[in-house]
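Comments concern the structure below.
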Amino acid sequence: MANETTEPIAMIAIDGPAASGKSTVGRLLAERLHYLYLDTGCMYRAVTWAALQQKVAIGDETAVTQLAHDIQMEIFPANGEEDGRHYTVHVAGQDITWELRTPTVDANVSQVSSYLGVRQEMVKRQRAFGQRGAVVMVGRDIGTVVMPDAPLKLYITASAEERARRRTQDRSEQGHIANYDDILADVLRRDQIDSSRTHSPLRPAADAIRIDSTDQPPAAIVNAILQMIQEPVNGNR
Ligand code: CDP
């Protein structure tokens with residue numbers, strides 16, 4: 001899909017299953033275009049972390065939804081930290097960026113994000129962020145629900161084995177014990193919950209461009225996308 005005017009694209013929506021490479025592609029694309037970047041998964045992870053922290057039962061939809069409304073969450077671009085982070089997440093002023101990536105959060109986040117009230121509150125915050133324009137937003141329902149009018153939608157997939165391999169590598173590079181079989185099981189379980197839930201299930205928007213990243217490094221995908229959006233249309237650019 002090409003940009004048919006000389007106007008820059010205001011919003012790029014990227015969706016896809018767990019560890020499909022969408023966050024890396026989204027972040028690199030935002031860097032190259034000098035756009036803002038929002039990884040919406042971290043918002044559902046932050047609500048999950050807060051529920052676990054406050055010992056709110058994950059199965060208590062009313063209490064988790066209330067928490068999603070009350071949570072004071074801020075997301076900042078990384079600012080020279082040397083721990084490999086790409087952004088910083090604060091909840092009530094506390095830096096919880098790395099707490100969001102624990103296996104316990106992985107194990108509970110899909111249940112939290114299946115709750116309608118939680119989604120409504122997060123989507124409201126995501127749309128407010130999108131109003132700033134020049135945004136790359138990454139998640140599960142950005143092209144279908146959060147930003148259905150986004151002029152460019154991408155749906156990035158990869159085989160489950162490749163996704164588990166990448167996540168295992170990320171985890172061990174971050175100094176954690178990472179077991180491939182456990183990670184593969186978590187990825188498959190989250191895919192299953194995320195794609196079969198009632199509210200905003202994971203699926204490509206009808207007009208999304210599908211990209212299989214199994215055999216392609218993120219930089220190659222980013223270059224292909226940039227070429228796609230910058231290519232001359234009818235020879236008039
Ligand atoms: O990085 P990874 O693909 O493993 O996950 P993530 O993007 O951080 O998302 C974590 C979880 O949040 C997903 O498994 C979904 O349950 C949920 N999520 C969602 O429901 N909607 C979004 N827009 C983003 C994430």
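To be explicit about the labels: the chains of the structure tokens are called A, B, and onward in the order shown, and within each one the residues are counted from 1, while ligands get numbers from 1 in the order they are shown.
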Do you have, as a Markdown table, the list of residues of chain A lying at most 8 Å from ligand 1, each with its nearest atom pair and that distance in Å to one decimal, counting only C-alpha atoms and all ligand atoms and ordered by chain then number?
```
| residue | atom | partner | partner_atom_place_in_ligand_line | distance |
| --- | --- | --- | --- | --- |
| A:Asp15 | CA | ligand 1 | 23 (N) | 7.6 |
| A:Gly16 | CA | ligand 1 | 3 (O) | 7.4 |
| A:Pro17 | CA | ligand 1 | 3 (O) | 5.8 |
| A:Ala18 | CA | ligand 1 | 3 (O) | 3.2 |
| A:Ala19 | CA | ligand 1 | 3 (O) | 4.1 |
| A:Ser20 | CA | ligand 1 | 3 (O) | 6.4 |
| A:Gly21 | CA | ligand 1 | 3 (O) | 7.7 |
| A:Lys22 | CA | ligand 1 | 3 (O) | 7.5 |
| A:Ser23 | CA | ligand 1 | 1 (O) | 6.9 |
| A:Asp39 | CA | ligand 1 | 7 (O) | 6.8 |
| A:Thr40 | CA | ligand 1 | 24 (C) | 4.8 |
| A:Gly41 | CA | ligand 1 | 8 (O) | 3.5 |
| A:Cys42 | CA | ligand 1 | 8 (O) | 5.2 |
| A:Met43 | CA | ligand 1 | 25 (C) | 7.5 |
| A:Tyr44 | CA | ligand 1 | 12 (O) | 5.1 |
| A:Arg45 | CA | ligand 1 | 10 (C) | 6.1 |
| A:Asp106 | CA | ligand 1 | 10 (C) | 7.0 |
| A:Val109 | CA | ligand 1 | 11 (C) | 5.3 |
| A:Ser110 | CA | ligand 1 | 16 (O) | 3.5 |
| A:Gln111 | CA | ligand 1 | 16 (O) | 6.9 |
| A:Val112 | CA | ligand 1 | 16 (O) | 7.4 |
| A:Ser113 | CA | ligand 1 | 20 (O) | 4.7 |
| A:Ser114 | CA | ligand 1 | 20 (O) | 6.6 |
| A:Arg119 | CA | ligand 1 | 20 (O) | 7.5 |
| A:Val138 | CA | ligand 1 | 23 (N) | 6.7 |
| A:Gly139 | CA | ligand 1 | 23 (N) | 3.6 |
| A:Arg140 | CA | ligand 1 | 23 (N) | 4.1 |
| A:Asp141 | CA | ligand 1 | 23 (N) | 5.0 |
| A:Ile142 | CA | ligand 1 | 23 (N) | 6.0 |
| A:Val146 | CA | ligand 1 | 23 (N) | 8.0 |
| A:Arg167 | CA | ligand 1 | 4 (O) | 7.9 |
| A:Val187 | CA | ligand 1 | 4 (O) | 7.1 |
| A:Arg190 | CA | ligand 1 | 14 (O) | 5.2 |
| A:Asp191 | CA | ligand 1 | 14 (O) | 6.8 |
| A:Ile193 | CA | ligand 1 | 16 (O) | 7.3 |
| A:Asp194 | CA | ligand 1 | 16 (O) | 5.3 |
| A:Ser200 | CA | ligand 1 | 20 (O) | 7.6 |
| A:Pro201 | CA | ligand 1 | 20 (O) | 7.6 |
| A:Leu202 | CA | ligand 1 | 20 (O) | 7.5 |
```
Excluding same-chain residues fewer than 3 positions from Gly130 of chain A, what lies within 12 Å of it counting only C-alpha atoms, as a JSON list (two decimals) with all heavy atoms, in the first residue's frame?
```json
[["chain", "number", "residue", "atom", "x", "y", "z"],
["A", 10, "ALA", "N", -0.17, 9.59, 9.30],
["A", 10, "ALA", "CA", -0.29, 10.02, 10.70],
["A", 10, "ALA", "C", -0.17, 8.85, 11.67],
["A", 10, "ALA", "O", 0.27, 9.02, 12.80],
["A", 10, "ALA", "CB", -1.62, 10.73, 10.90],
["A", 11, "MET", "N", -0.57, 7.67, 11.23],
["A", 11, "MET", "CA", -0.63, 6.54, 12.17],
["A", 11, "MET", "C", -0.28, 5.25, 11.45],
["A", 11, "MET", "O", -0.82, 4.96, 10.38],
["A", 11, "MET", "CB", -2.06, 6.47, 12.72],
["A", 11, "MET", "CG", -2.45, 5.17, 13.37],
["A", 11, "MET", "SD", -1.60, 4.85, 14.93],
["A", 11, "MET", "CE", -2.09, 6.27, 15.87],
["A", 12, "ILE", "N", 0.62, 4.49, 12.01],
["A", 12, "ILE", "CA", 0.94, 3.16, 11.49],
["A", 12, "ILE", "C", 0.53, 2.17, 12.57],
["A", 12, "ILE", "O", 1.01, 2.24, 13.71],
["A", 12, "ILE", "CB", 2.43, 3.04, 11.13],
["A", 12, "ILE", "CG1", 2.79, 4.08, 10.05],
["A", 12, "ILE", "CG2", 2.75, 1.63, 10.64],
["A", 12, "ILE", "CD1", 4.26, 4.11, 9.66],
["A", 13, "ALA", "N", -0.38, 1.28, 12.22],
["A", 13, "ALA", "CA", -0.89, 0.29, 13.18],
["A", 13, "ALA", "C", -0.22, -1.06, 12.90],
["A", 13, "ALA", "O", -0.24, -1.53, 11.76],
["A", 13, "ALA", "CB", -2.40, 0.16, 13.02],
["A", 35, "TYR", "N", 8.95, 9.09, 14.39],
["A", 35, "TYR", "CA", 7.59, 9.04, 14.91],
["A", 35, "TYR", "C", 7.64, 8.67, 16.39],
["A", 35, "TYR", "O", 8.64, 8.12, 16.88],
["A", 35, "TYR", "CB", 6.78, 7.96, 14.19],
["A", 35, "TYR", "CG", 6.17, 8.37, 12.86],
["A", 35, "TYR", "CD1", 6.73, 9.39, 12.09],
["A", 35, "TYR", "CD2", 5.03, 7.74, 12.38],
["A", 35, "TYR", "CE1", 6.17, 9.75, 10.88],
["A", 35, "TYR", "CE2", 4.46, 8.09, 11.17],
["A", 35, "TYR", "CZ", 5.04, 9.10, 10.42],
["A", 35, "TYR", "OH", 4.48, 9.45, 9.23],
["A", 36, "LEU", "N", 6.53, 8.93, 17.09],
["A", 36, "LEU", "CA", 6.38, 8.41, 18.45],
["A", 36, "LEU", "C", 6.08, 6.91, 18.34],
["A", 36, "LEU", "O", 5.54, 6.45, 17.32],
["A", 36, "LEU", "CB", 5.21, 9.10, 19.15],
["A", 36, "LEU", "CG", 5.37, 10.60, 19.39],
["A", 36, "LEU", "CD1", 4.05, 11.18, 19.87],
["A", 36, "LEU", "CD2", 6.48, 10.85, 20.41],
["A", 37, "TYR", "N", 6.39, 6.19, 19.40],
["A", 37, "TYR", "CA", 6.19, 4.74, 19.39],
["A", 37, "TYR", "C", 5.43, 4.34, 20.65],
["A", 37, "TYR", "O", 5.77, 4.78, 21.74],
["A", 37, "TYR", "CB", 7.57, 4.06, 19.38],
["A", 37, "TYR", "CG", 7.53, 2.58, 19.59],
["A", 37, "TYR", "CD1", 6.94, 1.74, 18.64],
["A", 37, "TYR", "CD2", 8.08, 2.00, 20.73],
["A", 37, "TYR", "CE1", 6.89, 0.38, 18.84],
["A", 37, "TYR", "CE2", 8.05, 0.63, 20.93],
["A", 37, "TYR", "CZ", 7.45, -0.17, 19.98],
["A", 37, "TYR", "OH", 7.40, -1.52, 20.17],
["A", 38, "LEU", "N", 4.38, 3.55, 20.47],
["A", 38, "LEU", "CA", 3.67, 3.03, 21.65],
["A", 38, "LEU", "C", 3.46, 1.53, 21.51],
["A", 38, "LEU", "O", 2.78, 1.07, 20.59],
["A", 38, "LEU", "CB", 2.31, 3.73, 21.82],
["A", 38, "LEU", "CG", 1.50, 3.23, 23.03],
["A", 38, "LEU", "CD1", 2.22, 3.51, 24.36],
["A", 38, "LEU", "CD2", 0.10, 3.87, 23.07],
["A", 39, "ASP", "N", 4.04, 0.80, 22.45],
["A", 39, "ASP", "CA", 3.85, -0.66, 22.54],
["A", 39, "ASP", "C", 2.71, -0.88, 23.54],
["A", 39, "ASP", "O", 2.90, -0.80, 24.75],
["A", 39, "ASP", "CB", 5.16, -1.27, 23.05],
["A", 39, "ASP", "CG", 5.03, -2.76, 23.30],
["A", 39, "ASP", "OD1", 3.95, -3.32, 23.07],
["A", 39, "ASP", "OD2", 6.03, -3.36, 23.75],
["A", 40, "THR", "N", 1.51, -1.12, 23.01],
["A", 40, "THR", "CA", 0.33, -1.18, 23.90],
["A", 40, "THR", "C", 0.35, -2.41, 24.81],
["A", 40, "THR", "O", -0.32, -2.41, 25.84],
["A", 40, "THR", "CB", -0.98, -1.19, 23.08],
["A", 40, "THR", "OG1", -0.97, -2.34, 22.22],
["A", 40, "THR", "CG2", -1.11, 0.08, 22.24],
["A", 123, "VAL", "N", -7.88, 1.27, 25.71],
["A", 123, "VAL", "CA", -8.10, 1.80, 24.36],
["A", 123, "VAL", "C", -8.30, 3.32, 24.42],
["A", 123, "VAL", "O", -7.79, 4.06, 23.57],
["A", 123, "VAL", "CB", -9.30, 1.09, 23.68],
["A", 123, "VAL", "CG1", -9.72, 1.81, 22.41],
["A", 123, "VAL", "CG2", -8.93, -0.37, 23.37],
["A", 124, "LYS", "N", -9.01, 3.78, 25.45],
["A", 124, "LYS", "CA", -9.20, 5.23, 25.62],
["A", 124, "LYS", "C", -7.84, 5.92, 25.74],
["A", 124, "LYS", "O", -7.57, 6.92, 25.08],
["A", 124, "LYS", "CB", -10.04, 5.47, 26.89],
["A", 124, "LYS", "CG", -10.57, 6.86, 27.01],
["A", 124, "LYS", "CD", -11.59, 6.97, 28.12],
["A", 124, "LYS", "CE", -10.88, 7.25, 29.43],
["A", 124, "LYS", "NZ", -11.78, 7.24, 30.58],
["A", 125, "ARG", "N", -6.96, 5.35, 26.53],
["A", 125, "ARG", "CA", -5.63, 5.96, 26.73],
["A", 125, "ARG", "C", -4.80, 5.87, 25.45],
["A", 125, "ARG", "O", -4.05, 6.77, 25.10],
["A", 125, "ARG", "CB", -4.91, 5.28, 27.90],
["A", 125, "ARG", "CG", -5.64, 5.48, 29.23],
["A", 125, "ARG", "CD", -4.87, 4.86, 30.39],
["A", 125, "ARG", "NE", -5.67, 4.84, 31.62],
["A", 125, "ARG", "CZ", -5.17, 4.77, 32.85],
["A", 125, "ARG", "NH1", -3.86, 4.69, 33.02],
["A", 125, "ARG", "NH2", -5.95, 4.75, 33.91],
["A", 126, "GLN", "N", -4.94, 4.75, 24.74],
["A", 126, "GLN", "CA", -4.18, 4.58, 23.49],
["A", 126, "GLN", "C", -4.63, 5.58, 22.43],
["A", 126, "GLN", "O", -3.82, 6.17, 21.70],
["A", 126, "GLN", "CB", -4.33, 3.14, 22.99],
["A", 126, "GLN", "CG", -3.61, 2.13, 23.88],
["A", 126, "GLN", "CD", -4.19, 0.73, 23.82],
["A", 126, "GLN", "OE1", -4.95, 0.40, 22.91],
["A", 126, "GLN", "NE2", -3.83, -0.10, 24.78],
["A", 127, "ARG", "N", -5.95, 5.79, 22.34],
["A", 127, "ARG", "CA", -6.45, 6.75, 21.34],
["A", 127, "ARG", "C", -5.98, 8.16, 21.68],
["A", 127, "ARG", "O", -5.66, 8.95, 20.78],
["A", 127, "ARG", "CB", -7.97, 6.69, 21.27],
["A", 127, "ARG", "CG", -8.44, 5.43, 20.56],
["A", 127, "ARG", "CD", -9.95, 5.42, 20.40],
["A", 127, "ARG", "NE", -10.36, 4.19, 19.72],
["A", 127, "ARG", "CZ", -11.51, 3.56, 19.93],
["A", 127, "ARG", "NH1", -12.40, 4.06, 20.80],
["A", 127, "ARG", "NH2", -11.80, 2.47, 19.27],
["A", 133, "GLY", "N", -0.52, 12.26, 16.71],
["A", 133, "GLY", "CA", -0.12, 12.15, 15.30],
["A", 133, "GLY", "C", 1.31, 11.64, 15.17],
["A", 133, "GLY", "O", 2.07, 11.65, 16.15],
["A", 134, "ALA", "N", 1.65, 11.19, 13.96],
["A", 134, "ALA", "CA", 3.00, 10.65, 13.69],
["A", 134, "ALA", "C", 3.36, 9.59, 14.73],
["A", 134, "ALA", "O", 4.36, 9.68, 15.43],
["A", 134, "ALA", "CB", 4.05, 11.76, 13.65],
["A", 135, "VAL", "N", 2.51, 8.57, 14.81],
["A", 135, "VAL", "CA", 2.66, 7.53, 15.83],
["A", 135, "VAL", "C", 2.73, 6.15, 15.16],
["A", 135, "VAL", "O", 1.97, 5.88, 14.22],
["A", 135, "VAL", "CB", 1.46, 7.55, 16.80],
["A", 135, "VAL", "CG1", 1.49, 6.36, 17.74],
["A", 135, "VAL", "CG2", 1.41, 8.84, 17.61],
["A", 136, "VAL", "N", 3.61, 5.30, 15.66],
["A", 136, "VAL", "CA", 3.58, 3.87, 15.34],
["A", 136, "VAL", "C", 3.05, 3.18, 16.59],
["A", 136, "VAL", "O", 3.64, 3.30, 17.66],
["A", 136, "VAL", "CB", 4.98, 3.32, 15.01],
["A", 136, "VAL", "CG1", 4.90, 1.81, 14.74],
["A", 136, "VAL", "CG2", 5.59, 4.03, 13.80],
["A", 137, "MET", "N", 1.92, 2.49, 16.47],
["A", 137, "MET", "CA", 1.31, 1.83, 17.63],
["A", 137, "MET", "C", 1.24, 0.33, 17.38],
["A", 137, "MET", "O", 0.82, -0.10, 16.31],
["A", 137, "MET", "CB", -0.09, 2.40, 17.87],
["A", 137, "MET", "CG", -0.57, 2.18, 19.30],
["A", 137, "MET", "SD", -2.19, 2.90, 19.64],
["A", 137, "MET", "CE", -1.90, 4.64, 19.55],
["A", 138, "VAL", "N", 1.67, -0.44, 18.37],
["A", 138, "VAL", "CA", 1.82, -1.88, 18.21],
["A", 138, "VAL", "C", 0.96, -2.63, 19.21],
["A", 138, "VAL", "O", 0.89, -2.24, 20.38],
["A", 138, "VAL", "CB", 3.31, -2.25, 18.43],
["A", 138, "VAL", "CG1", 3.52, -3.74, 18.39],
["A", 138, "VAL", "CG2", 4.21, -1.57, 17.42],
["A", 142, "ILE", "N", -4.90, -2.99, 17.16],
["A", 142, "ILE", "CA", -4.72, -1.57, 16.80],
["A", 142, "ILE", "C", -5.42, -1.30, 15.46],
["A", 142, "ILE", "O", -6.18, -0.34, 15.33],
["A", 142, "ILE", "CB", -3.21, -1.19, 16.71],
["A", 142, "ILE", "CG1", -2.47, -1.66, 17.98],
["A", 142, "ILE", "CG2", -3.05, 0.31, 16.50],
["A", 142, "ILE", "CD1", -3.03, -1.15, 19.28],
["A", 146, "VAL", "N", -8.55, -0.09, 17.87],
["A", 146, "VAL", "CA", -8.03, 1.16, 18.46],
["A", 146, "VAL", "C", -7.96, 2.25, 17.40],
["A", 146, "VAL", "O", -8.42, 3.37, 17.62],
["A", 146, "VAL", "CB", -6.63, 0.92, 19.09],
["A", 146, "VAL", "CG1", -6.10, 2.20, 19.74],
["A", 146, "VAL", "CG2", -6.70, -0.19, 20.13],
["A", 147, "MET", "N", -7.37, 1.94, 16.25],
["A", 147, "MET", "CA", -7.17, 2.92, 15.19],
["A", 147, "MET", "C", -7.64, 2.34, 13.86],
["A", 147, "MET", "O", -6.83, 2.14, 12.95],
["A", 147, "MET", "CB", -5.67, 3.28, 15.11],
["A", 147, "MET", "CG", -5.16, 4.03, 16.30],
["A", 147, "MET", "SD", -5.83, 5.71, 16.27],
["A", 147, "MET", "CE", -5.47, 6.23, 17.95],
["A", 148, "PRO", "N", -8.93, 2.05, 13.72],
["A", 148, "PRO", "CA", -9.39, 1.38, 12.49],
["A", 148, "PRO", "C", -9.20, 2.23, 11.23],
["A", 148, "PRO", "O", -9.22, 1.71, 10.13],
["A", 148, "PRO", "CB", -10.88, 1.10, 12.76],
["A", 148, "PRO", "CG", -11.25, 2.02, 13.87],
["A", 148, "PRO", "CD", -10.02, 2.30, 14.66],
["A", 149, "ASP", "N", -9.00, 3.56, 11.42],
["A", 149, "ASP", "CA", -8.80, 4.42, 10.25],
["A", 149, "ASP", "C", -7.33, 4.64, 9.92],
["A", 149, "ASP", "O", -7.01, 5.47, 9.05],
["A", 149, "ASP", "CB", -9.46, 5.79, 10.48],
["A", 149, "ASP", "CG", -10.97, 5.65, 10.64],
["A", 149, "ASP", "OD1", -11.54, 4.73, 10.03],
["A", 149, "ASP", "OD2", -11.56, 6.46, 11.39],
["A", 150, "ALA", "N", -6.45, 3.94, 10.60],
["A", 150, "ALA", "CA", -5.01, 4.13, 10.32],
["A", 150, "ALA", "C", -4.76, 3.90, 8.84],
["A", 150, "ALA", "O", -5.22, 2.90, 8.27],
["A", 150, "ALA", "CB", -4.18, 3.16, 11.17]]
```
From a DSSP pass on the backbone, collect the residues of segment 34-229 of chain A flagged as strand (DSSP E) and hand them back as a compact mmCIF listing (two decimals) with N, CA and C atoms, in the first residue's frame.
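Final file, result.txt:
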```
# COMPACT_ATOMS: atom_id res chain seq x y z
N LEU A 36 6.53 8.93 17.09
CA LEU A 36 6.38 8.41 18.45
C LEU A 36 6.08 6.91 18.34
N TYR A 37 6.39 6.19 19.40
CA TYR A 37 6.19 4.74 19.39
C TYR A 37 5.43 4.34 20.65
N LEU A 38 4.38 3.55 20.47
CA LEU A 38 3.67 3.03 21.65
C LEU A 38 3.46 1.53 21.51
N ASP A 39 4.04 0.80 22.45
CA ASP A 39 3.85 -0.66 22.54
C ASP A 39 2.71 -0.88 23.54
N MET A 73 -0.32 5.42 35.20
CA MET A 73 0.71 4.79 34.37
C MET A 73 1.30 5.82 33.42
N GLU A 74 2.62 5.84 33.35
CA GLU A 74 3.27 6.76 32.40
C GLU A 74 4.30 5.98 31.59
N ILE A 75 4.40 6.30 30.31
CA ILE A 75 5.36 5.61 29.44
C ILE A 75 6.24 6.69 28.80
N PHE A 76 7.53 6.54 28.99
CA PHE A 76 8.48 7.53 28.46
C PHE A 76 9.42 6.86 27.46
N PRO A 77 9.93 7.61 26.49
CA PRO A 77 10.99 7.05 25.65
C PRO A 77 12.22 6.75 26.50
N TYR A 87 11.94 1.64 26.27
CA TYR A 87 11.11 2.69 26.86
C TYR A 87 11.03 2.40 28.35
N THR A 88 10.49 3.36 29.07
CA THR A 88 10.38 3.22 30.52
C THR A 88 8.91 3.30 30.91
N VAL A 89 8.49 2.41 31.79
CA VAL A 89 7.10 2.43 32.27
C VAL A 89 7.11 2.70 33.77
N HIS A 90 6.35 3.72 34.16
CA HIS A 90 6.17 4.00 35.59
C HIS A 90 4.74 3.69 35.99
N VAL A 91 4.58 3.06 37.13
CA VAL A 91 3.25 2.95 37.74
C VAL A 91 3.35 3.63 39.10
N GLN A 94 6.75 4.57 40.14
CA GLN A 94 7.79 3.54 40.30
C GLN A 94 8.17 2.97 38.93
N ASP A 95 9.47 2.86 38.69
CA ASP A 95 9.94 2.30 37.42
C ASP A 95 9.75 0.78 37.44
N VAL A 135 2.51 8.57 14.81
CA VAL A 135 2.66 7.53 15.83
C VAL A 135 2.73 6.15 15.16
N VAL A 136 3.61 5.30 15.66
CA VAL A 136 3.58 3.87 15.34
C VAL A 136 3.05 3.18 16.59
N MET A 137 1.92 2.49 16.47
CA MET A 137 1.31 1.83 17.63
C MET A 137 1.24 0.33 17.38
N VAL A 138 1.67 -0.44 18.37
CA VAL A 138 1.82 -1.88 18.21
C VAL A 138 0.96 -2.63 19.21
N GLY A 139 0.29 -3.70 18.78
CA GLY A 139 -0.50 -4.49 19.74
C GLY A 139 -1.19 -5.68 19.10
N LEU A 152 -2.07 3.04 7.35
CA LEU A 152 -1.20 1.89 7.08
C LEU A 152 -1.31 0.90 8.23
N LYS A 153 -1.72 -0.33 7.89
CA LYS A 153 -1.86 -1.39 8.89
C LYS A 153 -1.00 -2.57 8.49
N LEU A 154 -0.26 -3.08 9.45
CA LEU A 154 0.60 -4.24 9.18
C LEU A 154 0.22 -5.34 10.16
N TYR A 155 0.31 -6.57 9.70
CA TYR A 155 0.06 -7.72 10.58
C TYR A 155 1.26 -8.63 10.45
N ILE A 156 2.05 -8.71 11.52
CA ILE A 156 3.33 -9.42 11.46
C ILE A 156 3.23 -10.75 12.19
N THR A 157 3.57 -11.81 11.50
CA THR A 157 3.53 -13.15 12.09
C THR A 157 4.91 -13.81 11.96
N ILE A 209 -1.63 -5.29 5.70
CA ILE A 209 -0.62 -5.98 4.90
C ILE A 209 0.02 -7.03 5.79
N ARG A 210 0.01 -8.28 5.34
CA ARG A 210 0.55 -9.36 6.18
C ARG A 210 2.01 -9.61 5.85
N ILE A 211 2.79 -9.71 6.90
CA ILE A 211 4.23 -9.94 6.72
C ILE A 211 4.64 -11.12 7.59
N ASP A 212 5.29 -12.12 6.96
CA ASP A 212 5.81 -13.26 7.73
C ASP A 212 7.28 -12.98 8.02
```
Proximity to Thr198 of chain A - best of A:Ala57, A:Tyr115, A:Leu28, A:Ile177, only C-alpha atoms: A:Tyr115
Just the number, please: distance in Å from atom CA of Thr168 of chain A to atom CA of Thr97 of chain A, one decimal.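 Between atom CA of Thr168 of chain A and atom CA of Thr97 of chain A the gap works out to 18.5 Å.
Take atom CA of Asn223 of chain A and atom CA of Leu29 of chain A: the distance between them is 8.5 Å.
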Nearest to Trp98 of chain A by atom-to-atom distance, counting only C-alpha atoms, from A:Gln66, A:Gln72, A:Thr24, A:Gln174: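 Going through A:Gln66, A:Gln72, A:Thr24, A:Gln174 one by one, the smallest distance to Trp98 of chain A is for A:Gln174.
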Between atom CA of Val105 of chain A and atom CA of Thr48 of chain A, what is the distance in Å, rounded to a tenth? 6.3 Å
